[in-house]
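K.L.:
My structure is in work08.cif, and what it holds is mmCIF, C-alpha atoms:
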data_entry
#
loop_
_atom_site.label_atom_id
_atom_site.label_comp_id
_atom_site.auth_asym_id
_atom_site.auth_seq_id
_atom_site.Cartn_x
_atom_site.Cartn_y
_atom_site.Cartn_z
CA MET A 1258 131.08 91.44 121.43
CA LYS A 1259 128.79 93.93 123.12
CA ARG A 1260 125.60 95.01 121.38
CA SER A 1261 125.09 98.72 120.88
CA PHE A 1262 122.73 100.66 123.16
CA GLY A 1263 120.37 101.19 120.23
CA LEU A 1264 120.19 97.47 119.48
CA ASN A 1265 119.58 96.68 123.16
CA LEU A 1266 116.82 99.27 123.21
CA LEU A 1267 115.23 97.68 120.13
CA TYR A 1268 115.35 94.22 121.73
CA THR A 1269 113.83 95.65 124.90
CA VAL A 1270 110.96 97.34 123.03
CA LEU A 1271 110.20 94.14 121.09
CA ILE A 1272 110.24 92.04 124.27
CA LEU A 1273 107.96 94.50 126.06
CA ILE A 1274 105.53 94.52 123.13
CA VAL A 1275 105.42 90.71 123.09
CA LEU A 1276 104.92 90.57 126.87
CA ALA A 1277 102.23 93.27 126.72
CA VAL A 1278 100.27 91.44 124.01
CA ALA A 1279 100.69 88.07 125.76
CA GLY A 1280 99.74 89.63 129.10
CA PHE A 1281 96.62 91.26 127.65
CA ILE A 1282 95.48 88.02 126.00
CA GLY A 1283 96.25 86.06 129.16
CA TYR A 1284 94.40 88.62 131.32
CA PHE A 1285 91.29 88.51 129.12
CA ILE A 1286 91.18 84.72 128.87
CA THR A 1287 91.84 84.29 132.60
CA ALA A 1288 89.20 86.86 133.53
CA LEU A 1289 86.61 85.01 131.43
CA THR A 1290 87.46 81.55 132.74
CA LEU A 1291 88.66 82.09 136.32
CA GLY A 1292 87.26 85.51 137.26
CA LEU A 1293 88.83 88.82 138.16
CA ALA A 1294 89.45 88.23 141.86
CA PHE A 1295 92.99 86.82 141.69
CA TYR A 1296 94.32 85.18 138.53
CA ALA A 1297 93.73 88.08 136.15
CA PRO A 1298 95.76 90.52 138.33
CA LEU A 1299 98.37 87.76 138.80
CA ILE A 1300 98.86 87.63 135.02
CA VAL A 1301 99.61 91.38 135.05
CA VAL A 1302 102.08 91.00 137.92
CA VAL A 1303 103.87 88.08 136.20
CA ALA A 1304 104.06 90.00 132.91
CA CYS A 1305 105.55 93.04 134.71
CA GLY A 1306 108.03 90.81 136.56
CA LEU A 1307 109.17 89.14 133.37
CA ALA A 1308 109.48 92.51 131.64
CA ALA A 1309 111.71 93.78 134.46
CA TYR A 1310 113.83 90.62 134.30
CA PHE A 1311 114.37 90.88 130.52
CA VAL A 1312 115.23 94.59 130.73
CA MET A 1313 117.86 93.89 133.38
CA THR A 1314 119.20 91.00 131.30
CA VAL A 1315 119.42 92.97 128.04
CA PHE A 1316 121.12 95.96 129.66
CA GLN A 1317 123.14 93.77 132.07
CA LEU A 1318 122.02 95.88 135.03
CA LEU A 1319 122.68 93.11 137.56
CA SER A 1320 124.94 90.11 137.69
CA PRO A 1321 123.51 86.84 136.28
CA ARG A 1322 123.51 85.31 139.78
CA THR A 1323 121.56 88.22 141.27
CA ARG A 1324 119.06 88.21 138.39
CA ASN A 1325 118.48 84.44 138.67
CA LEU A 1326 118.06 84.70 142.43
CA GLY A 1327 115.58 87.56 141.95
CA ILE A 1328 113.47 85.67 139.40
CA ALA A 1329 113.49 82.58 141.66
CA VAL A 1330 112.27 84.61 144.65
CA PHE A 1331 109.63 86.30 142.45
CA ALA A 1332 108.38 82.92 141.15
CA GLY A 1333 108.30 81.57 144.70
CA LEU A 1334 106.21 84.49 145.92
CA CYS A 1335 103.77 84.04 143.02
CA LEU A 1336 103.42 80.31 143.79
CA LEU A 1337 102.97 81.05 147.50
CA ALA A 1338 100.25 83.61 146.75
CA THR A 1339 98.51 81.14 144.41
CA ALA A 1340 98.59 78.41 147.05
CA GLY A 1341 97.14 80.81 149.63
CA TYR A 1342 94.38 81.87 147.26
CA GLU A 1343 93.42 78.30 146.38
CA LEU A 1344 93.39 77.22 150.04
CA ASN A 1345 91.18 80.17 150.93
CA LYS A 1346 88.86 79.40 147.97
CA ALA A 1347 88.58 75.77 149.09
CA TYR A 1348 87.69 77.00 152.59
CA VAL A 1349 85.02 79.38 151.24
CA ASN A 1350 83.59 76.68 148.96
CA SER A 1351 83.26 74.36 151.94
CA PHE A 1352 80.33 76.51 153.12
CA ALA A 1353 76.98 75.44 151.69
CA VAL A 1354 75.32 77.63 149.07
CA VAL A 1355 71.60 78.36 149.38
CA ASP A 1356 70.62 79.11 145.81
CA ASP A 1357 67.43 78.10 144.01
CA ARG A 1358 69.44 77.38 140.85
CA GLU A 1359 70.89 74.36 142.67
CA VAL A 1360 67.50 72.59 142.97
CA ASP A 1361 66.70 69.79 140.51
CA LEU A 1362 63.13 70.58 139.48
CA THR A 1363 62.71 67.33 137.55
CA GLN A 1364 62.06 65.59 140.86
CA TYR A 1365 58.69 67.44 140.90
CA LYS A 1366 57.90 66.86 137.22
CA PRO A 1367 54.20 66.04 136.66
CA PHE A 1368 53.20 62.52 135.57
CA ASP A 1369 56.63 61.13 136.41
CA ALA A 1370 56.47 57.81 138.29
CA LEU A 1371 58.92 59.08 140.95
CA SER A 1372 57.61 62.65 141.10
CA LYS A 1373 57.37 64.36 144.49
CA ALA A 1374 54.47 66.49 143.25
CA ALA A 1375 51.45 66.27 145.58
CA VAL A 1376 48.38 64.31 144.42
CA LEU A 1377 44.72 64.33 145.31
CA GLU A 1378 43.23 61.21 146.89
CA HIS A 1379 40.56 61.20 144.18
CA PRO A 1380 40.39 62.37 140.54
CA ALA A 1381 39.93 66.12 140.20
CA SER A 1382 36.43 67.37 139.40
CA TYR A 1383 37.86 69.70 136.75
CA HIS A 1384 39.98 68.84 133.70
CA ILE A 1385 41.36 70.74 130.71
CA HIS A 1386 41.54 68.77 127.47
CA ASP A 1387 42.58 71.37 124.91
CA GLN A 1388 43.79 74.98 124.70
CA LEU A 1389 46.00 74.33 127.71
CA PRO A 1390 47.14 77.53 129.45
CA ARG A 1391 50.91 78.09 129.16
CA LEU A 1392 52.45 78.12 132.64
CA ASP A 1393 55.66 79.49 134.12
CA GLY A 1394 56.77 80.72 137.51
CA ALA A 1395 59.09 80.89 140.49
CA THR A 1396 61.37 78.00 141.36
CA ALA A 1397 59.88 77.70 144.84
CA LEU A 1398 56.35 77.42 143.40
CA TYR A 1399 57.09 74.87 140.69
CA PRO A 1400 56.19 71.88 142.94
CA LEU A 1401 52.77 73.46 143.46
CA TYR A 1402 51.81 74.26 139.89
CA SER A 1403 53.25 70.93 138.82
CA ALA A 1404 50.71 69.34 141.17
CA PHE A 1405 47.95 71.44 139.55
CA VAL A 1406 49.05 70.24 136.10
CA GLN A 1407 49.13 66.62 137.23
CA ALA A 1408 45.58 66.98 138.52
CA VAL A 1409 43.86 68.67 135.56
CA TYR A 1410 46.06 68.56 132.44
CA PRO A 1411 46.27 65.61 130.04
CA GLU A 1412 49.26 63.36 130.69
CA ASP A 1413 52.32 64.43 128.70
CA ASN A 1414 56.03 65.17 129.01
CA TYR A 1415 56.21 68.62 130.63
CA ASP A 1416 59.89 69.43 131.13
CA PRO A 1417 60.49 72.44 133.43
CA TYR A 1418 63.79 73.31 131.74
CA GLU A 1419 62.79 72.97 128.08
CA ILE A 1420 61.73 76.43 126.99
CA ASN A 1421 60.12 76.29 123.55
CA ASP A 1422 56.75 76.79 121.88
CA GLN A 1423 55.80 73.13 122.22
CA ASN A 1424 56.46 72.83 125.96
CA ILE A 1425 53.74 74.73 127.82
CA VAL A 1426 54.71 74.07 131.46
CA ILE A 1427 58.14 75.45 132.36
CA CYS A 1428 59.94 77.14 135.23
CA SER A 1429 62.17 80.06 134.27
CA SER A 1430 62.33 81.80 137.72
CA THR A 1431 60.36 84.82 138.93
CA ALA A 1432 62.25 87.52 137.01
CA PHE A 1433 62.12 85.75 133.65
CA ALA A 1434 58.56 84.50 134.24
CA TYR A 1435 57.31 88.08 134.56
CA LYS A 1436 59.16 89.05 131.36
CA ARG A 1437 57.62 86.11 129.49
CA LEU A 1438 54.13 86.92 130.82
CA ILE A 1439 54.41 90.57 129.77
CA ALA A 1440 55.72 89.50 126.36
CA GLY A 1441 52.71 87.20 125.90
CA ASP A 1442 54.72 83.97 126.01
CA SER A 1443 52.81 82.66 129.06
CA ASP A 1444 49.16 82.74 130.10
CA ILE A 1445 49.66 82.29 133.86
CA ILE A 1446 52.71 82.57 136.06
CA PHE A 1447 52.94 81.51 139.69
CA ALA A 1448 55.00 83.96 141.72
CA ALA A 1449 55.24 86.51 144.49
CA ALA A 1450 53.78 89.95 143.81
CA PRO A 1451 55.64 91.92 141.14
CA SER A 1452 58.30 94.48 141.94
CA SER A 1453 57.75 98.14 141.07
CA ALA A 1454 60.08 97.67 138.07
CA GLN A 1455 58.00 94.71 136.82
CA GLN A 1456 54.78 96.70 137.26
CA LYS A 1457 56.33 99.56 135.29
CA GLU A 1458 57.47 97.18 132.55
CA ALA A 1459 53.93 95.79 132.24
CA LYS A 1460 52.44 99.27 132.07
CA GLN A 1461 54.88 100.32 129.34
CA ALA A 1462 53.85 97.23 127.35
CA GLY A 1463 50.19 98.13 127.74
CA LYS A 1464 49.51 95.14 129.99
CA GLU A 1465 47.66 95.02 133.32
CA LEU A 1466 48.88 92.42 135.80
CA LYS A 1467 46.05 90.65 137.60
CA LEU A 1468 47.01 88.90 140.84
CA THR A 1469 44.87 85.97 141.97
CA PRO A 1470 45.88 84.85 145.50
CA ILE A 1471 46.28 81.07 145.73
CA GLY A 1472 48.06 80.49 149.06
CA ARG A 1473 50.08 81.97 151.89
CA GLU A 1474 53.73 81.66 152.83
CA ALA A 1475 56.28 82.91 155.35
CA PHE A 1476 59.24 85.03 154.34
CA VAL A 1477 62.12 83.77 156.47
CA PHE A 1478 65.62 84.80 157.50
CA PHE A 1479 68.31 82.27 158.32
CA VAL A 1480 71.81 82.07 159.77
CA ASN A 1481 74.50 79.46 160.35
CA LYS A 1482 73.26 77.03 163.00
CA ARG A 1483 76.27 77.92 165.20
CA ASN A 1484 75.20 81.56 165.33
CA PRO A 1485 73.79 82.17 168.86
CA VAL A 1486 71.16 84.59 167.51
CA SER A 1487 67.80 82.81 167.20
CA SER A 1488 65.43 85.75 166.83
CA LEU A 1489 65.36 89.23 165.34
CA SER A 1490 62.76 91.96 165.53
CA THR A 1491 61.35 93.53 162.38
CA ASP A 1492 63.16 96.76 163.25
CA GLN A 1493 66.47 94.88 163.67
CA VAL A 1494 66.05 93.32 160.21
CA LYS A 1495 65.48 96.78 158.75
CA ASP A 1496 68.48 98.19 160.63
CA ILE A 1497 70.72 95.39 159.34
CA TYR A 1498 69.67 95.68 155.71
CA SER A 1499 69.89 99.48 155.76
CA GLY A 1500 73.43 99.26 157.12
CA LYS A 1501 72.62 100.86 160.49
CA VAL A 1502 73.50 97.65 162.36
CA ARG A 1503 76.65 95.94 161.06
CA ASN A 1504 77.79 93.66 163.90
CA TRP A 1505 76.05 90.61 165.37
CA LYS A 1506 76.99 91.86 168.86
CA GLU A 1507 74.45 94.67 168.43
CA VAL A 1508 71.60 92.12 168.17
CA GLY A 1509 72.74 89.66 170.84
CA GLY A 1510 75.37 87.69 168.91
CA LYS A 1511 79.14 87.45 168.79
CA HIS A 1512 81.50 90.27 167.90
CA GLN A 1513 81.38 89.56 164.14
CA ARG A 1514 80.61 91.66 161.09
CA ILE A 1515 77.18 90.80 159.67
CA ARG A 1516 77.47 89.53 156.09
CA ALA A 1517 73.91 90.22 154.91
CA PHE A 1518 73.32 88.61 151.53
CA GLN A 1519 70.69 89.67 149.02
CA ARG A 1520 69.23 88.20 145.84
CA GLU A 1521 69.23 89.47 142.26
CA GLU A 1522 66.84 92.29 141.44
CA GLY A 1523 63.44 91.08 140.25
CA SER A 1524 63.52 87.77 142.14
CA GLY A 1525 60.52 87.06 144.34
CA SER A 1526 62.48 87.04 147.60
CA GLN A 1527 64.37 90.27 146.78
CA THR A 1528 61.08 91.98 145.93
CA MET A 1529 59.70 90.85 149.30
CA LEU A 1530 62.75 92.27 151.10
CA GLU A 1531 62.28 95.57 149.28
CA LYS A 1532 58.65 95.71 150.49
CA ILE A 1533 59.74 95.03 154.08
CA MET A 1534 62.31 97.82 153.72
CA ALA A 1535 59.76 100.33 152.39
CA GLY A 1536 60.92 103.80 153.41
CA ARG A 1537 64.48 102.59 154.14
CA THR A 1538 67.41 102.45 151.72
CA LEU A 1539 68.81 98.98 151.09
CA MET A 1540 72.57 98.81 151.50
CA THR A 1541 74.75 97.44 148.70
CA PRO A 1542 74.84 93.61 148.93
CA PRO A 1543 77.99 91.46 148.91
CA GLN A 1544 79.08 91.31 145.28
CA GLU A 1545 81.54 89.54 143.05
CA ASP A 1546 83.17 90.82 139.88
CA VAL A 1547 82.64 88.89 136.67
CA MET A 1548 83.48 89.60 133.07
CA ASP A 1549 80.89 89.80 130.33
CA LEU A 1550 81.91 89.45 126.68
CA MET A 1551 79.89 92.48 125.68
CA SER A 1552 80.31 94.89 128.58
CA GLY A 1553 83.64 94.00 130.16
CA ILE A 1554 83.84 94.02 133.96
CA ILE A 1555 80.48 93.90 135.75
CA SER A 1556 79.40 93.14 139.31
CA GLN A 1557 76.67 90.76 140.34
CA THR A 1558 75.12 89.90 143.69
CA SER A 1559 77.04 87.09 145.38
CA ASP A 1560 75.33 83.78 146.10
CA TYR A 1561 74.54 83.19 149.76
CA ARG A 1562 77.21 81.08 151.46
CA ASN A 1563 76.59 79.76 154.93
CA PHE A 1564 79.44 81.59 156.66
CA ASN A 1565 79.37 81.82 160.46
CA ASN A 1566 78.49 85.52 160.16
CA ALA A 1567 76.07 85.22 157.21
CA LEU A 1568 72.43 86.31 157.09
CA GLY A 1569 70.16 85.19 154.25
CA PHE A 1570 66.49 85.04 153.37
CA SER A 1571 64.03 83.01 151.33
CA PHE A 1572 60.53 81.59 151.58
CA LEU A 1573 59.70 78.90 154.14
CA PHE A 1574 58.86 76.03 151.78
CA TYR A 1575 61.98 76.53 149.69
CA ALA A 1576 64.33 76.88 152.68
CA SER A 1577 62.85 74.02 154.70
CA GLU A 1578 61.76 71.54 152.00
CA MET A 1579 63.12 72.13 148.49
CA ASN A 1580 66.60 73.09 149.65
CA ALA A 1581 66.60 71.75 153.20
CA ASN A 1582 69.95 72.39 154.86
CA HIS A 1583 70.72 71.15 158.35
CA HIS A 1584 73.53 73.70 158.69
CA ILE A 1585 71.24 76.73 158.70
CA LYS A 1586 68.80 77.95 161.32
CA LEU A 1587 65.56 79.79 160.62
CA LEU A 1588 65.12 82.87 162.80
CA ALA A 1589 62.01 83.79 164.73
CA ILE A 1590 60.80 87.31 163.89
CA ASP A 1591 59.36 89.41 166.73
CA GLY A 1592 59.49 86.23 168.84
CA VAL A 1593 57.28 84.18 166.47
CA GLN A 1594 58.59 81.09 164.70
CA PRO A 1595 58.14 80.87 160.90
CA ASP A 1596 55.82 77.86 160.67
CA LYS A 1597 52.31 77.04 159.49
CA GLU A 1598 50.81 77.85 162.88
CA GLY A 1599 52.36 81.31 162.80
CA ILE A 1600 51.17 81.80 159.21
CA ARG A 1601 47.57 80.67 159.88
CA SER A 1602 47.22 82.71 163.06
CA GLY A 1603 48.68 85.77 161.42
CA LYS A 1604 51.14 86.16 164.31
CA TYR A 1605 54.21 85.68 162.14
CA PRO A 1606 54.78 89.26 160.90
CA MET A 1607 56.33 88.44 157.51
CA THR A 1608 53.54 86.35 156.06
CA THR A 1609 52.63 87.00 152.45
CA GLU A 1610 50.27 85.68 149.82
CA PHE A 1611 51.57 84.26 146.57
CA TYR A 1612 49.71 84.49 143.30
CA ALA A 1613 48.67 83.18 139.95
CA VAL A 1614 49.41 86.22 137.79
CA THR A 1615 47.83 86.93 134.42
CA ALA A 1616 48.16 89.76 131.92
CA GLY A 1617 45.10 89.69 129.71
CA SER A 1618 45.36 86.23 128.16
CA VAL A 1619 42.56 85.36 125.72
CA ASN A 1620 42.78 81.64 126.51
CA PRO A 1621 39.21 80.66 127.57
CA ASN A 1622 40.49 78.10 130.09
CA VAL A 1623 42.51 80.55 132.18
CA GLN A 1624 39.72 81.83 134.45
CA PRO A 1625 38.07 78.40 135.05
CA PHE A 1626 41.53 77.04 135.93
CA LEU A 1627 42.09 79.89 138.41
CA ASP A 1628 38.66 79.26 139.93
CA TRP A 1629 39.54 75.59 140.41
CA ILE A 1630 42.87 76.49 142.05
CA GLN A 1631 40.99 78.57 144.62
CA SER A 1632 38.45 75.75 145.15
CA ALA A 1633 38.68 73.11 147.87
CA GLU A 1634 40.59 70.71 145.58
CA GLY A 1635 43.14 73.31 144.52
CA GLN A 1636 43.63 74.45 148.10
CA GLU A 1637 44.06 70.84 149.20
CA LEU A 1638 47.04 70.61 146.85
CA VAL A 1639 48.40 73.86 148.29
CA GLU A 1640 48.40 72.25 151.74
CA LYS A 1641 49.72 68.90 150.55
CA THR A 1642 52.60 70.57 148.74
CA GLY A 1643 53.69 72.27 151.95
CA TYR A 1644 52.26 75.76 151.68
CA THR A 1645 49.39 77.26 153.67
CA SER A 1646 45.99 77.48 152.00
CA LEU A 1647 43.93 80.66 151.81
CA LYS A 1648 41.26 79.36 154.17
#
Rewrite the coordinates I just gave you, this time as structure tokens.

P.N.:
Amino acid sequence: MKRSFGLNLLYTVLILIVLAVAGFIGYFITALTLGLAFYAPLIVVVACGLAAYFVMTVFQLLSPRTRNLGIAVFAGLCLLATAGYELNKAYVNSFAVVDDREVDLTQYKPFDALSKAAVLEHPASYHIHDQLPRLDGATALYPLYSAFVQAVYPEDNYDPYEINDQNIVICSSTAFAYKRLIAGDSDIIFAAAPSSAQQKEAKQAGKELKLTPIGREAFVFFVNKRNPVSSLSTDQVKDIYSGKVRNWKEVGGKHQRIRAFQREEGSGSQTMLEKIMAGRTLMTPPQEDVMDLMSGIISQTSDYRNFNNALGFSFLFYASEMNANHHIKLLAIDGVQPDKEGIRSGKYPMTTEFYAVTAGSVNPNVQPFLDWIQSAEGQELVEKTGYTSLK
């Protein structure tokens, strides 16, 4: 007995509503767990395919054999696309990531028996026994200020990842360290110079950032070791990151698109790149879409992956020591290698000082501690850690 057209229409509407609700829920959950790049759109496609199949079934638009063959082909194409996506993702993930969030900072923890933190050959001439300054800073500088703590602070359990009022030596990264300093949650942070946005934030909070230089470092660019390019000029770097030069062939390499990665805004290395690019507009970096519970779809800067056509940047100590990777190659800039000799001589053009930054702390031990860091003992630890001292 055939159903009436009205009843078929009712069934169709109900099925479409169920599929729409299920598709929306599936899309949202998939976007949160697996990202927006493939699986979330796949959910929409599958929901639309099923809707079409049920409509044809209810209204008997095609023969059962044709419908079954169609749904089988559709399912096969979806599985084939999924397999292709997963194989490509596995290939992409096979390239090493250079990301300071991957470093285990506990290996530099002060007073740990197996710590890699540098030590003086004799007890320090200066010690702090109470009113210990609260410290924070950049990931790449944690090994250094951990060595300072080990030299002059009383022995205790200072966990870099445990952010609370009781733990006074942490490492939250450059961007968060500046926020904590401006908020009054830290007395000293160890970082690169602040970005214009961080300076503005301090000014709005009525704080003045004081920068005490404590060492020198090279800002470096790196590529996959199989990339034939071994050197770039300062102008070529600017041309690449402004988007004027987009192919490695234009700077002596292969005919490949340059995939020039950047870091998140407010990080020490991104701020350094912005200073190098002064007067030039930075192009939009490679990005990936993510979903945030509060704001929906957002984009964030992609992590550097060591693709054959990739270009990345960092600071010398981090790239060569903390996150040493034998599959990347550091580039000479203007024909000068990024090493301590180039830093000391001043010939390496992208040499910069790094700082102990304060914002008006009333802790009486802050200034004496800064004076000691700039003394011979403090500068000895700068050298022993792997940075270049001021003198």

K.L.:
Taking the file as I've supplied it (selection: the PyMOL selection byres ((chain A and resi 1406) around 10)), which residues are included? Please answer as a ChimeraX atom specification.

P.N.:
/A:1366-1368,1374,1384-1385,1389,1392,1401-1405,1407-1413,1415,1426

K.L.:
Could you work out how far atom CA of Ser1382 of chain A lies from atom CA of Ala1397 of chain A, giving the answer in Å with one decimal?

P.N.:
26.2 Å

K.L.:
Using all atoms listed in the file, find the one residue out of A:Phe1611, A:Pro1485, A:Gly1510, A:Lys1457 that sits nearest to Thr1469 of chain A.

P.N.:
A:Phe1611

K.L.:
Report as AutoDock Vina command-line options the centre and the edge lengths, in Å to one decimal, of the axis-aligned box holding every listed atom of segment 1298-1306 of chain A, padded by 4 Å on each side.

P.N.:
--center_x 101.9 --center_y 90.3 --center_z 135.9 --size_x 20.3 --size_y 13.4 --size_z 13.9

K.L.:
Give me, please, the distance in Å between atom CA of Leu1466 of chain A and atom CA of Ser1430 of chain A, quoted to one decimal.

P.N.:
17.2 Å

K.L.:
So, with all atoms listed in the file as the atoms that count, which of A:Asp1628, A:Asp1387, A:Glu1531, A:Glu1610 lies closest to Lys1495 of chain A?

P.N.:
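Between A:Asp1628, A:Asp1387, A:Glu1531, A:Glu1610, the residue approaching Lys1495 of chain A most closely is A:Glu1531.
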
K.L.:
Report as a count of residues only all protein, DNA and RNA residues lying within 9 Å of Ala1440 of chain A, evaluated on only C-alpha atoms, omitting residues in the same chain fewer than 5 positions from it.

P.N.:
3

K.L.:
Write out as a list of chain:residue names which residues come within 9 Å of Phe1572 of chain A when counting all atoms listed in the file, dropping same-chain ones fewer than 2 positions away.

P.N.:
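Final neighbour list, sorted by chain and number: A:Ala1397, A:Glu1474, A:Ala1475, A:Phe1476, A:Val1477, A:Phe1478, A:Ser1526, A:Phe1570, A:Phe1574, A:Tyr1575, A:Ala1576, A:Ser1577.
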
K.L.:
Atom CA of Arg1437 of chain A and atom CA of Ser1618 of chain A are how many Å apart?

P.N.:
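So the answer is 12.3 Å.
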
K.L.:
Pick out the closest residue to Asp1442 of chain A from this set: A:Leu1336, A:Ala1454, A:Ala1304, A:Ile1425. Count all atoms listed in the file.

P.N.:
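When distances to Asp1442 of chain A are compared using all atoms listed in the file, the smallest one comes from A:Ile1425.
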
K.L.:
Quick one: residues within 8 Å of Ile1600 of chain A, all atoms listed in the file counted, chain neighbours fewer than 4 positions away excluded, as a ChimeraX atom specification?

P.N.:
/A:1473-1475,1595-1596,1604-1605,1608,1645

K.L.:
Show me the residues close to (76.0, 88.8, 158.8) - anything with an atom within 9 Å, counting all atoms listed in the file - and format the list as a VMD selection string.

P.N.:
chain A and resid 1480 1497 1503 to 1505 1513 to 1518 1564 to 1569

K.L.:
Can you patch up segment 1629-1646 of chain A, filling it in to N, CA and C atoms, and show the result as a compact mmCIF listing (two decimals), in the coordinates of the input?

P.N.:
# COMPACT_ATOMS: atom_id res chain seq x y z
N TRP A 1629 39.31 76.91 139.84
CA TRP A 1629 39.54 75.59 140.41
C TRP A 1629 40.69 75.62 141.42
N ILE A 1630 41.74 76.39 141.13
CA ILE A 1630 42.87 76.49 142.05
C ILE A 1630 42.43 77.06 143.40
N GLN A 1631 41.49 77.99 143.37
CA GLN A 1631 40.99 78.57 144.62
C GLN A 1631 39.90 77.71 145.27
N SER A 1632 39.48 76.65 144.59
CA SER A 1632 38.45 75.75 145.15
C SER A 1632 39.06 74.83 146.20
N ALA A 1633 38.22 74.02 146.82
CA ALA A 1633 38.68 73.11 147.87
C ALA A 1633 39.75 72.15 147.35
N GLU A 1634 39.61 71.65 146.13
CA GLU A 1634 40.59 70.71 145.58
C GLU A 1634 41.94 71.39 145.34
N GLY A 1635 41.89 72.58 144.75
CA GLY A 1635 43.14 73.31 144.52
C GLY A 1635 43.84 73.65 145.82
N GLN A 1636 43.05 74.09 146.81
CA GLN A 1636 43.63 74.45 148.10
C GLN A 1636 44.14 73.23 148.87
N GLU A 1637 43.54 72.08 148.61
CA GLU A 1637 44.06 70.84 149.20
C GLU A 1637 45.48 70.56 148.69
N LEU A 1638 45.70 70.80 147.40
CA LEU A 1638 47.04 70.61 146.85
C LEU A 1638 48.03 71.65 147.39
N VAL A 1639 47.54 72.85 147.66
CA VAL A 1639 48.40 73.86 148.29
C VAL A 1639 48.91 73.34 149.63
N GLU A 1640 48.02 72.79 150.42
CA GLU A 1640 48.40 72.25 151.74
C GLU A 1640 49.30 71.02 151.60
N LYS A 1641 48.94 70.13 150.70
CA LYS A 1641 49.72 68.90 150.55
C LYS A 1641 51.13 69.16 150.02
N THR A 1642 51.27 70.22 149.23
CA THR A 1642 52.60 70.57 148.74
C THR A 1642 53.50 71.04 149.87
N GLY A 1643 52.90 71.76 150.83
CA GLY A 1643 53.69 72.27 151.95
C GLY A 1643 53.49 73.73 152.22
N TYR A 1644 52.61 74.36 151.45
CA TYR A 1644 52.26 75.76 151.68
C TYR A 1644 51.02 75.84 152.56
N THR A 1645 50.57 77.06 152.85
CA THR A 1645 49.39 77.26 153.67
C THR A 1645 48.26 77.77 152.78
N SER A 1646 47.11 77.12 152.87
CA SER A 1646 45.99 77.48 152.00
C SER A 1646 45.40 78.82 152.41
